[in-house]
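Remarks on the structure that follows.
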Amino acid sequence: MKDIEQLNHTIIEFYEKLSSWEQSVVRGKGFSLPQVHIVEILGAHGAMRMKELADKIGVTTGTLTVQVDKMVQAELIQRRPHESDRRSILVDLTEKGVEMYQEHDHLHLSLTQDITAQLDDVERKNLLMYLTKMNQEF
């Protein structure tokens, strides 16, 4: 039981440090952390329906609509009709949004390189495998 408690505290500590890093990266950019997360999701997965995006972020479509409206005004994302479902609207990154995604993704890559610099190739592969398994639980 002691191991699981230590693992619990270590995961929480990592989450808090990563969250703090995210806040520091976003601070002063003029965008909120939820907006950056929307850019990250659309950048990684491409255009999607509002409901799909809301589910990925863990918010209601009503809450998402407020963010999307702000992001459309900031020219980060655009709404467009779905090709096969006329009732659905897709949201997708604009050119400005793609640039923001690439910049932020590069920062994530640099962080990943920094925090895994002490790991050898086998340890990195194991970490990837463990994190992948953990992510499947969500």
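The chains in the structure tokens are called A, B, ... from first to last as shown; in each chain the residues are counted from 1, and the ligands are counted from 1 in the order shown.
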Exercise for the section: Find the spatial neighbours of Glu99 of chain A, counting only C-alpha atoms, within a cut-off of 12 Å - ignore same-chain residues fewer than 3 positions away - and output them as a list in words. Expected result: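 My list of contacting residues is Val36, Val39, Glu40, Gly43, Glu75, Leu76, Ile77, Leu93, Thr94, Glu95, Lys96, Gln102, Glu103, His104, Asp105 and His106 of chain A.
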For N, CA, C and O atoms, I'd like the residues from the last selection saved as a JSON list (two decimals), in the first residue's frame.
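So the final result, stored in part.json, reads:
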[["chain", "number", "residue", "atom", "x", "y", "z"],
["A", 36, "VAL", "N", -5.73, 27.59, -25.17],
["A", 36, "VAL", "CA", -4.53, 26.92, -25.66],
["A", 36, "VAL", "C", -4.78, 25.42, -25.78],
["A", 36, "VAL", "O", -4.35, 24.78, -26.74],
["A", 39, "VAL", "N", -6.61, 24.75, -28.94],
["A", 39, "VAL", "CA", -5.67, 24.80, -30.07],
["A", 39, "VAL", "C", -4.87, 23.50, -30.13],
["A", 39, "VAL", "O", -4.66, 22.94, -31.21],
["A", 40, "GLU", "N", -4.41, 23.01, -28.99],
["A", 40, "GLU", "CA", -3.64, 21.77, -28.95],
["A", 40, "GLU", "C", -4.44, 20.59, -29.48],
["A", 40, "GLU", "O", -3.93, 19.79, -30.28],
["A", 43, "GLY", "N", -5.08, 21.02, -33.22],
["A", 43, "GLY", "CA", -3.82, 20.86, -33.93],
["A", 43, "GLY", "C", -3.41, 19.39, -34.03],
["A", 43, "GLY", "O", -2.89, 18.95, -35.06],
["A", 75, "GLU", "N", -9.26, 35.10, -34.44],
["A", 75, "GLU", "CA", -8.82, 34.47, -35.70],
["A", 75, "GLU", "C", -7.92, 33.25, -35.49],
["A", 75, "GLU", "O", -7.04, 32.96, -36.31],
["A", 76, "LEU", "N", -8.16, 32.52, -34.38],
["A", 76, "LEU", "CA", -7.41, 31.29, -34.12],
["A", 76, "LEU", "C", -8.11, 30.07, -34.69],
["A", 76, "LEU", "O", -7.46, 29.12, -35.11],
["A", 77, "ILE", "N", -9.44, 30.10, -34.64],
["A", 77, "ILE", "CA", -10.22, 28.99, -35.18],
["A", 77, "ILE", "C", -11.35, 29.52, -36.04],
["A", 77, "ILE", "O", -11.69, 30.70, -36.00],
["A", 93, "LEU", "N", -8.61, 24.92, -36.94],
["A", 93, "LEU", "CA", -7.64, 25.99, -36.78],
["A", 93, "LEU", "C", -7.52, 26.82, -38.05],
["A", 93, "LEU", "O", -7.58, 26.28, -39.16],
["A", 94, "THR", "N", -7.34, 28.10, -37.86],
["A", 94, "THR", "CA", -6.98, 28.99, -38.98],
["A", 94, "THR", "C", -5.46, 28.92, -39.13],
["A", 94, "THR", "O", -4.77, 28.25, -38.35],
["A", 95, "GLU", "N", -4.94, 29.65, -40.09],
["A", 95, "GLU", "CA", -3.48, 29.71, -40.26],
["A", 95, "GLU", "C", -2.81, 30.23, -38.99],
["A", 95, "GLU", "O", -1.79, 29.71, -38.53],
["A", 96, "LYS", "N", -3.40, 31.25, -38.40],
["A", 96, "LYS", "CA", -2.88, 31.81, -37.14],
["A", 96, "LYS", "C", -2.95, 30.77, -36.02],
["A", 96, "LYS", "O", -2.03, 30.66, -35.20],
["A", 102, "GLN", "N", 1.84, 25.08, -33.51],
["A", 102, "GLN", "CA", 3.22, 24.66, -33.77],
["A", 102, "GLN", "C", 4.18, 25.25, -32.74],
["A", 102, "GLN", "O", 5.08, 24.56, -32.26],
["A", 103, "GLU", "N", 3.98, 26.50, -32.39],
["A", 103, "GLU", "CA", 4.83, 27.15, -31.38],
["A", 103, "GLU", "C", 4.68, 26.46, -30.03],
["A", 103, "GLU", "O", 5.67, 26.15, -29.36],
["A", 104, "HIS", "N", 3.44, 26.21, -29.64],
["A", 104, "HIS", "CA", 3.19, 25.59, -28.33],
["A", 104, "HIS", "C", 3.67, 24.13, -28.33],
["A", 104, "HIS", "O", 4.24, 23.67, -27.33],
["A", 105, "ASP", "N", 3.47, 23.43, -29.42],
["A", 105, "ASP", "CA", 3.92, 22.05, -29.52],
["A", 105, "ASP", "C", 5.44, 21.97, -29.41],
["A", 105, "ASP", "O", 5.99, 21.07, -28.78],
["A", 106, "HIS", "N", 6.12, 22.95, -30.01],
["A", 106, "HIS", "CA", 7.59, 23.00, -29.91],
["A", 106, "HIS", "C", 8.03, 23.19, -28.46],
["A", 106, "HIS", "O", 9.01, 22.59, -28.01]]
Problem - helix (DSSP H, G or I) residues, from DSSP on the backbone, in chain A, as JSON, numbers by chain - result: {"A": [2, 3, 4, 5, 6, 7, 8, 9, 10, 11, 12, 13, 14, 15, 16, 17, 18, 19, 20, 21, 22, 23, 24, 25, 26, 33, 34, 35, 36, 37, 38, 39, 40, 41, 42, 43, 44, 45, 50, 51, 52, 53, 54, 55, 56, 57, 61, 62, 63, 64, 65, 66, 67, 68, 69, 70, 71, 72, 73, 95, 96, 97, 98, 99, 100, 101, 102, 103, 104, 105, 106, 107, 108, 109, 110, 111, 112, 113, 114, 115, 121, 122, 123, 124, 125, 126, 127, 128, 129, 130, 131, 132, 133, 134, 135]}
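Excluding segment 107-117 of chain A itself and same-chain residues fewer than 3 positions from it, the residues having an atom within 10 Å of it are Leu18, Trp21, Glu22, Val25, Tyr101, Gln102, Glu103, His104, Asp120, Asp121, Glu123, Arg124 and Leu127 of chain A, counting only C-alpha atoms.
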Practice task
Rank A:Met48, A:Met129, A:Val122, A:Gly62 by their smallest atom-to-atom distance to Val91 of chain A, using only C-alpha atoms, and report the top residue only.
Solution key: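 Using only C-alpha atoms, Val91 of chain A sits closest to A:Met48.
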Handout entry: Pairwise distance for atom CA of Met50 of chain A and atom CA of Ser84 of chain A, rounded to one decimal in Å
Key =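 Going from atom CA of Met50 of chain A over to atom CA of Ser84 of chain A covers 15.3 Å.
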Exercise for the section: Can you work out which one of A:Thr10, A:Ser88, A:Gln67, A:Thr61 has the shortest atom-to-atom distance to Phe31 of chain A, counting only C-alpha atoms? Expected result: A:Gln67
Exercise for the section: Taking the DSSP assignment computed from this structure's backbone, write out as a ChimeraX atom specification all residues of chain A that belong to strand (DSSP E or B). Expected result: /A:48-49,77-81,89-93
Handout entry: A:Glu13, A:Ala47, A:Ala54, A:Val59 ranked by distance to Glu83 of chain A, top pick (using only C-alpha atoms)
Key =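 Going through A:Glu13, A:Ala47, A:Ala54, A:Val59 one by one, the smallest distance to Glu83 of chain A is for A:Ala47.
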Practice task
Could you check which of A:Leu128, A:Val26, A:Val72, A:Ile57 is closest to Gly97 of chain A, using only C-alpha atoms?
Solution key: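 Of A:Leu128, A:Val26, A:Val72, A:Ile57, the one nearest Gly97 of chain A is A:Val72, counting only C-alpha atoms.
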Handout entry: Best match for closeness to Glu52 of chain A among A:Ile4, A:Leu90, A:Leu119, A:Met71, counting only C-alpha atoms
Key =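 Of all the options, A:Leu90 lies closest to Glu52 of chain A.
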